[in-house]
file start-v5.cif (mmCIF, C-alpha atoms)
data_my_file
loop_
_atom_site.label_atom_id
_atom_site.label_comp_id
_atom_site.auth_asym_id
_atom_site.auth_seq_id
_atom_site.Cartn_x
_atom_site.Cartn_y
_atom_site.Cartn_z
CA MET A 220 -0.92 -26.32 -19.01
CA GLU A 221 0.03 -23.60 -16.57
CA MET A 222 -2.63 -22.18 -14.29
CA PRO A 223 -3.94 -18.69 -15.06
CA GLU A 224 -2.06 -15.78 -13.59
CA LYS A 225 -3.64 -14.62 -10.37
CA ALA A 226 -1.77 -12.73 -7.68
CA PRO A 227 -2.44 -13.93 -4.12
CA GLU A 228 -4.34 -11.64 -1.80
CA ARG A 229 -2.08 -12.01 1.23
CA GLY A 230 0.66 -14.14 2.68
CA ARG A 231 1.08 -15.88 6.00
CA GLY A 232 2.93 -14.52 8.98
CA SER A 233 5.51 -11.77 9.18
CA SER A 234 8.52 -11.99 6.93
CA LEU A 235 11.59 -9.78 6.64
CA ARG A 236 11.97 -11.06 3.09
CA THR A 237 8.65 -9.44 2.22
CA TRP A 238 9.81 -6.08 3.57
CA GLY A 239 13.13 -6.50 1.81
CA LYS A 240 11.34 -6.43 -1.54
CA LEU A 241 10.75 -2.71 -1.02
CA LEU A 242 14.43 -1.89 -0.51
CA PRO A 243 15.05 -1.08 -4.21
CA PHE A 244 12.22 1.46 -4.03
CA LEU A 245 13.36 2.91 -0.68
CA LYS A 246 17.05 3.21 -1.54
CA PRO A 247 16.66 6.46 -3.56
CA TYR A 248 15.11 8.06 -0.48
CA SER A 249 17.63 6.95 2.18
CA ARG A 250 18.80 10.53 2.76
CA GLN A 251 15.24 11.71 3.24
CA MET A 252 14.64 8.90 5.75
CA ALA A 253 17.77 9.89 7.67
CA LEU A 254 16.63 13.53 7.70
CA ILE A 255 13.23 12.49 9.06
CA LEU A 256 14.98 10.55 11.85
CA VAL A 257 17.17 13.51 12.84
CA THR A 258 14.30 16.02 12.86
CA MET A 259 12.13 13.66 14.89
CA LEU A 260 14.83 13.19 17.52
CA ILE A 261 15.23 16.97 17.79
CA SER A 262 11.45 17.46 17.93
CA ALA A 263 11.06 14.85 20.68
CA GLY A 264 13.82 16.54 22.68
CA ILE A 265 12.05 19.88 22.32
CA ASP A 266 8.73 18.37 23.47
CA ILE A 267 10.49 17.00 26.56
CA SER A 268 12.05 20.41 27.21
CA TYR A 269 8.60 22.05 27.40
CA SER A 270 7.86 20.20 30.64
CA LEU A 271 11.26 21.16 32.03
CA LEU A 272 10.76 24.79 31.05
CA SER A 273 7.35 24.88 32.72
CA GLY A 274 8.87 23.53 35.95
CA TYR A 275 11.68 26.06 35.73
CA ALA A 276 9.16 28.89 35.25
CA VAL A 277 7.20 27.81 38.33
CA ASP A 278 10.31 27.67 40.54
CA ARG A 279 11.93 30.78 39.05
CA PHE A 280 8.98 33.14 38.63
CA VAL A 281 5.71 31.81 40.13
CA THR A 282 6.85 30.59 43.54
CA PRO A 283 9.06 33.62 44.37
CA ARG A 284 6.52 35.93 42.71
CA THR A 285 9.04 37.79 40.59
CA THR A 286 9.42 38.70 36.95
CA GLN A 287 13.15 39.35 37.05
CA GLY A 288 14.77 37.64 34.07
CA ILE A 289 11.44 36.68 32.50
CA GLY A 290 12.37 38.47 29.27
CA TRP A 291 15.36 36.22 28.67
CA PHE A 292 13.20 33.20 29.55
CA ALA A 293 10.56 34.28 27.06
CA LEU A 294 13.24 34.80 24.40
CA GLY A 295 14.66 31.34 25.04
CA TYR A 296 11.18 29.81 24.98
CA PHE A 297 10.48 31.54 21.68
CA ALA A 298 13.75 30.13 20.26
CA VAL A 299 12.69 26.61 21.28
CA VAL A 300 9.28 27.06 19.65
CA LEU A 301 10.92 28.43 16.48
CA CYS A 302 13.29 25.45 16.35
CA GLN A 303 10.40 23.02 16.65
CA MET A 304 8.47 24.87 13.93
CA ILE A 305 11.48 24.55 11.60
CA CYS A 306 11.79 20.83 12.38
CA THR A 307 8.07 20.36 11.72
CA LEU A 308 8.30 22.12 8.37
CA ILE A 309 11.33 20.05 7.36
CA PHE A 310 9.97 16.62 8.29
CA ALA A 311 6.48 17.40 6.92
CA ARG A 312 7.91 18.43 3.56
CA VAL A 313 10.32 15.50 3.38
CA ALA A 314 7.75 12.93 4.54
CA LEU A 315 5.24 14.21 1.99
CA ARG A 316 7.83 13.87 -0.78
CA VAL A 317 8.64 10.30 0.30
CA GLU A 318 4.94 9.41 0.38
CA MET A 319 4.24 10.89 -3.05
CA TYR A 320 7.40 9.68 -4.79
CA LEU A 321 7.36 6.17 -3.32
CA GLY A 322 3.71 5.75 -4.31
CA ARG A 323 4.52 7.14 -7.77
CA ASP A 324 7.44 4.73 -8.26
CA LEU A 325 5.32 1.74 -7.26
CA LYS A 326 2.47 2.81 -9.56
CA LYS A 327 4.84 3.32 -12.51
CA LYS A 328 6.38 -0.11 -11.97
CA LEU A 329 2.97 -1.78 -11.71
CA PHE A 330 1.59 0.08 -14.72
CA THR A 331 4.51 -1.04 -16.87
CA HIS A 332 4.32 -4.60 -15.57
CA LEU A 333 0.57 -4.88 -16.14
CA GLN A 334 1.13 -4.17 -19.82
CA THR A 335 3.38 -7.23 -20.07
CA LEU A 336 0.89 -9.68 -18.54
CA SER A 337 -1.06 -12.05 -20.75
CA PHE A 338 -4.80 -12.11 -21.44
CA SER A 339 -5.24 -14.94 -18.94
CA TYR A 340 -4.46 -12.60 -16.04
CA TYR A 341 -7.26 -10.25 -17.01
CA ASN A 342 -9.61 -13.21 -17.51
CA VAL A 343 -9.48 -14.12 -13.81
CA ASN A 344 -8.86 -10.72 -12.16
CA PRO A 345 -11.64 -8.09 -12.21
CA VAL A 346 -10.58 -4.59 -13.23
CA GLY A 347 -11.86 -3.12 -9.96
CA THR A 348 -9.66 -5.49 -7.94
CA ILE A 349 -6.61 -4.59 -10.01
CA MET A 350 -7.35 -0.89 -9.61
CA ALA A 351 -7.69 -1.26 -5.83
CA ARG A 352 -4.34 -3.05 -5.71
CA VAL A 353 -2.54 -0.52 -7.89
CA MET A 354 -4.02 2.58 -6.23
CA SER A 355 -4.99 1.74 -2.63
CA ASP A 356 -2.13 -0.62 -1.76
CA THR A 357 0.59 1.63 -3.20
CA ASN A 358 -0.87 4.70 -1.49
CA ARG A 359 -0.95 2.85 1.83
CA ILE A 360 2.65 1.67 1.48
CA GLY A 361 3.84 5.19 0.65
CA GLY A 362 1.89 6.70 3.53
CA VAL A 363 3.07 4.13 6.07
CA PHE A 364 6.74 4.45 5.19
CA ALA A 365 6.54 8.25 5.30
CA TRP A 366 4.25 9.13 8.20
CA SER A 367 4.38 5.95 10.30
CA LEU A 368 8.17 6.25 10.49
CA VAL A 369 7.66 9.84 11.70
CA ASP A 370 5.35 8.62 14.47
CA ILE A 371 7.63 5.73 15.43
CA PHE A 372 10.75 7.89 15.63
CA TRP A 373 9.06 10.68 17.60
CA SER A 374 7.10 8.43 19.98
CA SER A 375 10.09 6.21 20.76
CA ALA A 376 12.37 9.16 21.40
CA TYR A 377 9.80 10.97 23.54
CA VAL A 378 8.86 7.96 25.68
CA LEU A 379 12.47 6.88 26.31
CA GLY A 380 13.69 10.43 26.80
CA SER A 381 10.93 11.41 29.22
CA MET A 382 11.46 8.22 31.24
CA ALA A 383 15.16 8.94 31.49
CA VAL A 384 14.52 12.53 32.62
CA MET A 385 11.93 11.46 35.21
CA LEU A 386 14.17 8.76 36.63
CA PHE A 387 17.00 11.27 36.87
CA LEU A 388 14.85 13.86 38.68
CA ASN A 389 12.93 11.58 41.07
CA TRP A 390 12.78 7.84 40.60
CA LYS A 391 9.89 7.38 43.05
CA LEU A 392 7.54 9.71 41.15
CA ALA A 393 8.86 8.32 37.88
CA LEU A 394 7.81 4.79 38.82
CA LEU A 395 4.26 6.00 39.52
CA ILE A 396 3.98 7.13 35.90
CA ILE A 397 6.03 4.35 34.33
CA ALA A 398 3.81 1.73 36.02
CA VAL A 399 0.86 2.92 33.93
CA VAL A 400 2.79 2.86 30.61
CA PRO A 401 2.82 -0.96 30.10
CA VAL A 402 -0.92 -1.12 30.82
CA ILE A 403 -1.62 1.56 28.21
CA ALA A 404 0.66 -0.20 25.73
CA LEU A 405 -0.94 -3.63 26.25
CA LEU A 406 -4.47 -2.25 25.99
CA THR A 407 -3.51 -0.36 22.85
CA LEU A 408 -2.04 -3.49 21.26
CA TYR A 409 -5.14 -5.51 22.22
CA PHE A 410 -7.62 -3.01 20.80
CA GLN A 411 -5.50 -2.16 17.80
CA LYS A 412 -5.30 -5.83 16.82
CA LYS A 413 -9.09 -5.97 16.71
CA ILE A 414 -9.40 -2.57 15.03
CA LEU A 415 -6.79 -3.49 12.41
CA HIS A 416 -8.67 -6.72 11.67
CA ILE A 417 -11.80 -4.66 11.06
CA ASN A 418 -9.86 -2.16 8.92
CA ARG A 419 -8.43 -4.97 6.78
CA LYS A 420 -11.92 -6.34 6.26
CA ALA A 421 -13.12 -2.84 5.39
CA ARG A 422 -10.34 -2.48 2.78
CA ARG A 423 -11.34 -5.77 1.17
CA ILE A 424 -14.98 -4.67 1.05
CA ASN A 425 -13.89 -1.31 -0.33
CA ALA A 426 -12.13 -3.15 -3.16
CA GLU A 427 -15.46 -4.90 -3.89
CA ILE A 428 -17.25 -1.55 -3.89
CA THR A 429 -14.67 -0.19 -6.34
CA ARG A 430 -15.22 -3.24 -8.53
CA HIS A 431 -19.00 -2.75 -8.48
CA TYR A 432 -18.58 0.89 -9.43
CA ASN A 433 -16.21 0.01 -12.27
CA GLU A 434 -18.31 -2.80 -13.66
CA GLY A 435 -21.56 -0.89 -13.19
CA ILE A 436 -20.28 2.12 -15.11
CA SER A 437 -18.32 0.29 -17.83
CA GLY A 438 -21.13 -2.25 -18.30
CA ALA A 439 -24.01 0.21 -18.18
CA LYS A 440 -25.09 -0.56 -21.77
CA THR A 441 -25.16 -4.29 -21.09
CA SER A 442 -27.12 -3.79 -17.85
CA LYS A 443 -29.76 -1.71 -19.61
CA THR A 444 -29.96 -4.14 -22.51
CA LEU A 445 -30.51 -7.12 -20.18
CA VAL A 446 -32.68 -5.09 -17.76
CA ILE A 447 -30.65 -6.15 -14.71
CA GLU A 448 -30.49 -2.77 -12.94
CA ASP A 449 -32.38 -4.19 -9.95
CA GLN A 450 -29.92 -7.06 -9.59
CA ASN A 451 -26.94 -4.67 -9.78
CA THR A 452 -28.53 -2.37 -7.20
CA GLN A 453 -29.26 -5.27 -4.85
CA ALA A 454 -25.69 -6.59 -5.12
CA PHE A 455 -24.29 -3.12 -4.48
CA ARG A 456 -26.65 -2.62 -1.51
CA GLU A 457 -25.41 -5.88 0.06
CA VAL A 458 -21.77 -4.85 -0.26
CA THR A 459 -22.34 -1.37 1.17
CA SER A 460 -24.39 -2.86 4.03
CA ARG A 461 -21.44 -5.07 4.92
CA MET A 462 -19.18 -2.01 4.84
CA ARG A 463 -21.56 -0.13 7.15
CA ALA A 464 -21.72 -3.01 9.65
CA THR A 465 -17.94 -3.37 9.62
CA MET A 466 -17.31 0.34 10.18
CA VAL A 467 -19.88 0.45 13.02
CA ARG A 468 -17.95 -2.32 14.80
CA GLY A 469 -14.77 -0.29 14.43
CA VAL A 470 -16.44 2.82 15.88
CA LEU A 471 -17.77 0.84 18.84
CA LEU A 472 -14.30 -0.51 19.63
CA ASN A 473 -12.87 3.01 19.52
CA ALA A 474 -15.72 4.20 21.75
CA VAL A 475 -14.59 1.70 24.40
CA TYR A 476 -10.86 2.13 23.90
CA VAL A 477 -10.57 5.94 24.09
CA PRO A 478 -12.30 6.37 27.52
CA ILE A 479 -10.18 3.58 29.02
CA ILE A 480 -6.97 5.30 27.96
CA GLY A 481 -8.32 8.60 29.27
CA PHE A 482 -9.05 6.96 32.62
CA LEU A 483 -5.53 5.51 32.86
CA THR A 484 -4.02 8.91 32.03
CA ALA A 485 -6.11 10.53 34.75
CA LEU A 486 -5.04 7.75 37.12
CA ALA A 487 -1.37 8.48 36.43
CA VAL A 488 -1.94 12.19 37.11
CA ALA A 489 -3.77 11.30 40.36
CA PHE A 490 -0.82 9.14 41.47
CA VAL A 491 1.62 11.95 40.76
CA ILE A 492 -0.46 14.61 42.48
CA THR A 493 -1.04 12.39 45.52
CA GLY A 494 2.54 11.19 45.89
CA GLY A 495 4.15 14.40 44.68
CA GLY A 496 1.87 16.58 46.82
CA SER A 497 2.99 14.72 49.92
CA MET A 498 6.63 15.21 48.91
CA VAL A 499 6.03 18.94 48.42
CA LEU A 500 4.45 19.20 51.88
CA TRP A 501 7.42 17.40 53.42
CA GLY A 502 9.84 19.58 51.48
CA ASP A 503 11.38 16.73 49.48
CA ILE A 504 10.63 18.38 46.11
CA GLY A 505 9.55 21.80 44.86
CA ILE A 506 6.32 22.76 43.13
CA GLY A 507 8.23 23.19 39.88
CA GLU A 508 9.39 19.55 39.94
CA LEU A 509 5.83 18.43 40.69
CA THR A 510 4.66 20.48 37.71
CA ILE A 511 7.19 18.68 35.49
CA PHE A 512 5.87 15.26 36.54
CA VAL A 513 2.23 16.29 36.10
CA ASN A 514 3.05 17.43 32.56
CA PHE A 515 4.81 14.14 31.82
CA ALA A 516 1.87 12.18 33.26
CA LEU A 517 -0.53 14.10 31.02
CA GLY A 518 1.66 13.84 27.93
CA ILE A 519 3.14 10.35 27.98
CA ALA A 520 -0.07 8.45 27.23
CA ASP A 521 -0.41 9.87 23.71
CA PRO A 522 3.06 8.84 22.44
CA VAL A 523 2.65 5.39 24.02
CA GLN A 524 -0.66 4.95 22.19
CA THR A 525 0.84 6.32 18.99
CA LEU A 526 3.84 4.00 19.21
CA ALA A 527 1.78 0.86 19.84
CA ARG A 528 -0.81 1.78 17.23
CA THR A 529 1.79 2.72 14.61
CA ILE A 530 3.83 -0.45 15.10
CA SER A 531 0.68 -2.55 14.65
CA ASN A 532 -0.26 -0.50 11.60
CA PHE A 533 3.26 -0.85 10.22
CA ILE A 534 3.20 -4.62 10.62
CA SER A 535 -0.25 -4.89 9.05
CA THR A 536 1.10 -3.17 5.94
CA GLN A 537 2.86 -6.42 5.09
CA ALA A 538 -0.40 -7.58 3.50
CA ASN A 539 -0.29 -4.59 1.14
CA ILE A 540 3.37 -5.22 0.32
CA GLU A 541 2.62 -8.87 -0.39
CA ARG A 542 -0.16 -7.97 -2.82
CA VAL A 543 1.96 -5.41 -4.65
CA SER A 544 5.12 -7.55 -4.77
CA ALA A 545 3.12 -10.61 -5.85
CA LEU A 546 1.74 -8.63 -8.77
CA MET A 547 5.21 -7.33 -9.67
CA GLU A 548 6.66 -10.84 -9.58
CA LEU A 549 3.84 -12.37 -11.59
CA LYS A 550 5.20 -13.78 -14.84
CA PRO A 551 3.19 -13.52 -18.07
CA GLN A 552 2.20 -16.84 -19.58
CA ILE A 553 3.06 -15.67 -23.09
CA THR A 554 6.78 -14.88 -23.16
CA ASP A 555 9.52 -14.74 -25.75
CA THR A 556 12.45 -17.11 -25.45
CA PRO A 557 15.89 -15.70 -24.56
CA GLU A 558 17.02 -16.39 -28.12
CA VAL A 559 14.11 -14.39 -29.54
CA ILE A 560 14.76 -11.52 -27.11
CA GLU A 561 18.45 -11.52 -28.05
CA LYS A 562 17.60 -11.11 -31.72
CA TYR A 563 14.38 -9.07 -31.76
CA GLY A 564 14.50 -7.23 -28.39
CA THR A 565 11.63 -6.67 -25.97
CA SER A 566 8.42 -4.66 -26.10
CA PHE A 567 10.16 -1.77 -24.33
CA ASP A 568 13.54 -2.14 -26.04
CA PRO A 569 12.96 -3.53 -29.56
CA LYS A 570 15.68 -4.27 -32.10
CA ARG A 571 13.70 -3.26 -35.14
CA GLU A 572 16.71 -3.52 -37.42
CA ASN A 573 16.48 -7.33 -37.13
CA TRP A 574 12.77 -7.54 -37.91
CA GLU A 575 11.86 -9.39 -41.08
CA PRO A 576 9.06 -7.98 -43.27
CA LEU A 577 5.72 -9.74 -42.80
CA ILE A 578 4.16 -11.26 -45.92
CA GLY A 579 0.93 -12.41 -44.25
CA HIS A 580 0.68 -16.19 -44.85
CA ILE A 581 -1.02 -17.73 -41.76
CA THR A 582 -1.27 -21.47 -41.10
CA PHE A 583 -3.01 -23.29 -38.24
CA ASP A 584 -1.32 -26.70 -38.09
CA ASP A 585 -3.27 -29.30 -36.05
CA VAL A 586 -4.04 -26.70 -33.38
CA ALA A 587 -5.67 -27.56 -30.05
CA PHE A 588 -6.51 -24.97 -27.44
CA ARG A 589 -8.02 -24.79 -23.98
CA TYR A 590 -8.31 -21.57 -21.98
CA PRO A 591 -6.13 -21.49 -18.84
CA ASP A 592 -9.18 -21.19 -16.59
CA GLY A 593 -11.19 -23.74 -18.62
CA THR A 594 -11.62 -27.50 -18.39
CA GLU A 595 -12.40 -28.45 -22.00
CA ASN A 596 -10.70 -27.82 -25.31
CA VAL A 597 -12.20 -25.04 -27.39
CA LEU A 598 -10.34 -26.27 -30.49
CA GLU A 599 -9.11 -29.74 -31.40
CA HIS A 600 -7.08 -30.78 -34.47
CA PHE A 601 -7.90 -27.49 -36.14
CA ASN A 602 -6.25 -26.79 -39.50
CA LEU A 603 -6.54 -23.63 -41.58
CA ASP A 604 -4.37 -22.10 -44.27
CA VAL A 605 -4.79 -18.40 -45.12
CA PRO A 606 -2.59 -17.34 -48.06
CA ALA A 607 -1.13 -13.85 -48.03
CA GLY A 608 -3.41 -11.24 -49.54
CA SER A 609 -6.57 -13.31 -49.22
CA THR A 610 -9.73 -12.39 -47.33
CA VAL A 611 -11.32 -14.93 -45.01
CA ALA A 612 -14.66 -14.64 -43.19
CA ILE A 613 -15.17 -16.92 -40.17
CA VAL A 614 -18.84 -17.56 -39.37
CA GLY A 615 -20.30 -19.56 -36.50
CA GLU A 616 -22.51 -19.60 -33.45
CA THR A 617 -21.66 -17.73 -30.26
CA GLY A 618 -18.97 -19.68 -28.43
CA ALA A 619 -17.89 -21.61 -31.52
CA GLY A 620 -14.36 -20.18 -31.28
CA LYS A 621 -14.30 -17.26 -33.73
CA SER A 622 -12.70 -14.81 -31.30
CA THR A 623 -10.42 -17.57 -30.07
CA LEU A 624 -8.98 -18.01 -33.58
CA VAL A 625 -8.26 -14.28 -33.82
CA ASN A 626 -6.69 -14.21 -30.34
CA LEU A 627 -4.53 -17.21 -31.22
CA ALA A 628 -3.46 -15.63 -34.50
CA CYS A 629 -2.48 -12.47 -32.61
CA ARG A 630 -0.67 -14.61 -30.01
CA PHE A 631 -2.71 -13.22 -27.16
CA PHE A 632 -2.95 -16.90 -26.29
CA GLU A 633 -0.79 -19.79 -27.49
CA PRO A 634 -2.06 -23.16 -28.67
CA THR A 635 -1.90 -26.04 -26.22
CA GLY A 636 -1.22 -28.35 -29.11
CA GLY A 637 -0.02 -27.95 -32.69
CA ARG A 638 1.57 -24.87 -34.24
CA ILE A 639 0.64 -21.54 -35.78
CA LEU A 640 2.91 -20.49 -38.62
CA ILE A 641 3.43 -16.96 -39.93
CA ASP A 642 5.07 -16.99 -43.36
CA GLY A 643 6.00 -20.64 -42.81
CA LYS A 644 7.71 -20.07 -39.45
CA ASP A 645 6.37 -20.85 -35.97
CA TYR A 646 5.36 -17.47 -34.60
CA ARG A 647 6.96 -18.32 -31.24
CA GLU A 648 10.32 -17.97 -32.98
CA ARG A 649 9.72 -14.26 -33.44
CA SER A 650 8.93 -11.55 -30.89
CA GLN A 651 5.41 -10.65 -29.82
CA LEU A 652 6.07 -7.00 -30.61
CA TRP A 653 7.09 -7.91 -34.18
CA LEU A 654 3.80 -9.75 -34.65
CA HIS A 655 1.59 -7.17 -32.93
CA SER A 656 3.20 -4.31 -34.85
CA ASN A 657 2.17 -5.98 -38.12
CA ILE A 658 -1.44 -6.76 -37.16
CA GLY A 659 -4.52 -4.56 -37.39
CA TYR A 660 -7.15 -5.59 -34.85
CA VAL A 661 -10.52 -3.79 -34.84
CA LEU A 662 -12.31 -4.41 -31.54
CA GLN A 663 -16.08 -4.55 -31.15
CA THR A 664 -15.79 -1.98 -28.36
CA PRO A 665 -13.12 0.61 -29.22
CA HIS A 666 -10.72 1.80 -26.55
CA CYS A 667 -9.04 5.21 -26.64
CA SER A 668 -5.62 5.36 -25.01
CA PRO A 669 -5.06 8.44 -22.83
CA ALA A 670 -1.68 8.92 -24.50
CA ARG A 671 -3.33 9.53 -27.91
#
call {"tool": "encode", "arguments": {"input": "start-v5.cif", "output": "structure tokens"}}
result
Amino acid sequence: MEMPEKAPERGRGSSLRTWGKLLPFLKPYSRQMALILVTMLISAGIDISYSLLSGYAVDRFVTPRTTQGIGWFALGYFAVVLCQMICTLIFARVALRVEMYLGRDLKKKLFTHLQTLSFSYYNVNPVGTIMARVMSDTNRIGGVFAWSLVDIFWSSAYVLGSMAVMLFLNWKLALLIIAVVPVIALLTLYFQKKILHINRKARRINAEITRHYNEGISGAKTSKTLVIEDQNTQAFREVTSRMRATMVRGVLLNAVYVPIIGFLTALAVAFVITGGGSMVLWGDIGIGELTIFVNFALGIADPVQTLARTISNFISTQANIERVSALMELKPQITDTPEVIEKYGTSFDPKRENWEPLIGHITFDDVAFRYPDGTENVLEHFNLDVPAGSTVAIVGETGAGKSTLVNLACRFFEPTGGRILIDGKDYRERSQLWLHSNIGYVLQTPHCSPAR
């Protein structure tokens, strides 16, 4: 017998094949991605120009102590600011659409696929875990592909562009700043690896918290009947305590990381002021050029941090993609054969014109059954004949197999041995939708569909 359906939590290592599984979902938004790239390149260029404009203002207006031509400069500066505002509006709107629509597409696909999975999947996967996968993982994937791409494009363009400009203006001062960049990048990667590990652990614990909420609310009647409120509260307290301890560790790491980066930024500014100040005194450069390098020293640390942090975050999203794609690729244990699908259609595309009328004669022929996650047979050599139009009451102790017989008759599970005949024909030779459309099943706990 096949093992019960259970999607793996995460894979091993980085894999381009895993990322490639999202291409069908990203393809409809290729133009939006290209627009984000263009606007980010323009925005990075504008951010670099601010430092150049400040240096120009110092040399043109501050040093000579004149305001001649300052009106045109102000007008040009306003035009640059307006251009950046337009770029920001464009990429923010487009990125938000990509985030929302990509998450929506993934949720729709998962929702449809979950309806095709067999009972065995829901036997071994708690509802809270499934909800966390459908909601949290898809939201994270949509957010990463929208906003992380924005950060990567902007940070890369700004860092490379500012380095090129600095090297062009004065390679000696440029090296003083560039020397600090690898240190910031390495420290960011080191701390982000630890922080991401904590964040992954926090997401797993958050899925447990969601599961406790779901089971505590949906099973409230059972909890009160069995008087196990204290046990539920204790279990929930343990999970939330683990979440608190995990988040405190993350805060402590950030508390160490942020001051270190601030110190390195200040160090870069000190190098520039010391070296550049000497050059100003010797007349090698002007105050405006020194101002440009001070601005670059103050501003380059943030995009370097953002780039390193975003790349790590982007790579870590592979775990979310693996969970979502594994669920999408999970095959239901109860499936119709290609011949049955060809004649009767599928649950979402039925060929009702080929459906035979159901008379209602049910036969269990030497049926054996063992649940996919079980080790012993629930039924062995079971035989039962229910003529059409008759009424049968099945009575027995709890666990005797009453519900199992109904689930087998409805083909929610299939026998591991023997056959079940509907009107003299093995019910696996007809579609599941044909059978389910002809069966009335009254549950002990009714469920109201939101579509009704």
call {"tool": "resolve_selection", "arguments": {"input": "start-v5.cif", "expression": "the PyMOL selection byres ((chain A and resi 520-533) around 8)", "output": "PyMOL selection string"}}
result
chain A and resi 363+367+370-371+373-375+377-378+400+403-404+407-408+411-412+415+480+484+516-519+534-537
call {"tool": "write_last_selection", "arguments": {"input": "start-v5.cif", "atoms": "C-alpha atoms", "output": "CSV table (one decimal), in the frame of the given file"}}
result
chain,number,residue,atom,x,y,z
A,363,VAL,CA,3.1,4.1,6.1
A,367,SER,CA,4.4,6.0,10.3
A,370,ASP,CA,5.4,8.6,14.5
A,371,ILE,CA,7.6,5.7,15.4
A,373,TRP,CA,9.1,10.7,17.6
A,374,SER,CA,7.1,8.4,20.0
A,375,SER,CA,10.1,6.2,20.8
A,377,TYR,CA,9.8,11.0,23.5
A,378,VAL,CA,8.9,8.0,25.7
A,400,VAL,CA,2.8,2.9,30.6
A,403,ILE,CA,-1.6,1.6,28.2
A,404,ALA,CA,0.7,-0.2,25.7
A,407,THR,CA,-3.5,-0.4,22.8
A,408,LEU,CA,-2.0,-3.5,21.3
A,411,GLN,CA,-5.5,-2.2,17.8
A,412,LYS,CA,-5.3,-5.8,16.8
A,415,LEU,CA,-6.8,-3.5,12.4
A,480,ILE,CA,-7.0,5.3,28.0
A,484,THR,CA,-4.0,8.9,32.0
A,516,ALA,CA,1.9,12.2,33.3
A,517,LEU,CA,-0.5,14.1,31.0
A,518,GLY,CA,1.7,13.8,27.9
A,519,ILE,CA,3.1,10.4,28.0
A,534,ILE,CA,3.2,-4.6,10.6
A,535,SER,CA,-0.2,-4.9,9.0
A,536,THR,CA,1.1,-3.2,5.9
A,537,GLN,CA,2.9,-6.4,5.1
call {"tool": "residues_around", "arguments": {"input": "start-v5.cif", "residues": "His431 of chain A", "least_positions_apart": "5", "cutoff": "9 Å", "atoms": "only C-alpha atoms", "output": "PDB file with C-alpha atoms, in the coordinates of the input"}}
result
ATOM      1  CA  GLY A 347     -11.860  -3.120  -9.960  1.00  0.00           C
ATOM      2  CA  ALA A 426     -12.130  -3.150  -3.160  1.00  0.00           C
ATOM      3  CA  ILE A 436     -20.280   2.120 -15.110  1.00  0.00           C
ATOM      4  CA  ASN A 451     -26.940  -4.670  -9.780  1.00  0.00           C
ATOM      5  CA  ALA A 454     -25.690  -6.590  -5.120  1.00  0.00           C
ATOM      6  CA  PHE A 455     -24.290  -3.120  -4.480  1.00  0.00           C
ATOM      7  CA  VAL A 458     -21.770  -4.850  -0.260  1.00  0.00           C
TER       8      VAL A 458
END
call {"tool": "closest_residue", "arguments": {"input": "start-v5.cif", "among": "A:Asp356, A:Glu616, A:Glu457, A:Asp555", "to": "Arg422 of chain A", "atoms": "all atoms listed in the file"}}
result
A:Asp356
call {"tool": "resolve_selection", "arguments": {"input": "start-v5.cif", "expression": "the PyMOL selection byres ((chain A and resi 570) around 12)", "output": "JSON list (two decimals) with C-alpha atoms, in the frame of the given file"}}
result
[["chain", "number", "residue", "atom", "x", "y", "z"],
["A", 559, "VAL", "CA", 14.11, -14.39, -29.54],
["A", 560, "ILE", "CA", 14.76, -11.52, -27.11],
["A", 561, "GLU", "CA", 18.45, -11.52, -28.05],
["A", 562, "LYS", "CA", 17.60, -11.11, -31.72],
["A", 563, "TYR", "CA", 14.38, -9.07, -31.76],
["A", 564, "GLY", "CA", 14.50, -7.23, -28.39],
["A", 565, "THR", "CA", 11.63, -6.67, -25.97],
["A", 566, "SER", "CA", 8.42, -4.66, -26.10],
["A", 567, "PHE", "CA", 10.16, -1.77, -24.33],
["A", 568, "ASP", "CA", 13.54, -2.14, -26.04],
["A", 569, "PRO", "CA", 12.96, -3.53, -29.56],
["A", 571, "ARG", "CA", 13.70, -3.26, -35.14],
["A", 572, "GLU", "CA", 16.71, -3.52, -37.42],
["A", 573, "ASN", "CA", 16.48, -7.33, -37.13],
["A", 574, "TRP", "CA", 12.77, -7.54, -37.91],
["A", 575, "GLU", "CA", 11.86, -9.39, -41.08],
["A", 649, "ARG", "CA", 9.72, -14.26, -33.44],
["A", 650, "SER", "CA", 8.93, -11.55, -30.89],
["A", 652, "LEU", "CA", 6.07, -7.00, -30.61],
["A", 653, "TRP", "CA", 7.09, -7.91, -34.18]]
call {"tool": "closest_residue", "arguments": {"input": "start-v5.cif", "among": "A:Leu654, A:Val257, A:Ala464, A:Leu336", "to": "Glu548 of chain A", "atoms": "all atoms listed in the file"}}
result
A:Leu336
call {"tool": "residues_around", "arguments": {"input": "start-v5.cif", "residues": "Ile414 of chain A", "least_positions_apart": "3", "cutoff": "9 Å", "atoms": "all atoms listed in the file", "output": "ChimeraX atom specification"}}
result
/A:409-411,417-419,468-470,472-473
call {"tool": "write_last_selection", "arguments": {"input": "start-v5.cif", "atoms": "C-alpha atoms", "output": "mmCIF file, keeping the file's coordinate frame"}}
result
data_model
loop_
_atom_site.group_PDB
_atom_site.id
_atom_site.type_symbol
_atom_site.label_atom_id
_atom_site.label_comp_id
_atom_site.auth_asym_id
_atom_site.auth_seq_id
_atom_site.Cartn_x
_atom_site.Cartn_y
_atom_site.Cartn_z
ATOM 1 C CA TYR A 409 -5.140 -5.510 22.220
ATOM 2 C CA PHE A 410 -7.620 -3.010 20.800
ATOM 3 C CA GLN A 411 -5.500 -2.160 17.800
ATOM 4 C CA ILE A 417 -11.800 -4.660 11.060
ATOM 5 C CA ASN A 418 -9.860 -2.160 8.920
ATOM 6 C CA ARG A 419 -8.430 -4.970 6.780
ATOM 7 C CA ARG A 468 -17.950 -2.320 14.800
ATOM 8 C CA GLY A 469 -14.770 -0.290 14.430
ATOM 9 C CA VAL A 470 -16.440 2.820 15.880
ATOM 10 C CA LEU A 472 -14.300 -0.510 19.630
ATOM 11 C CA ASN A 473 -12.870 3.010 19.520
#
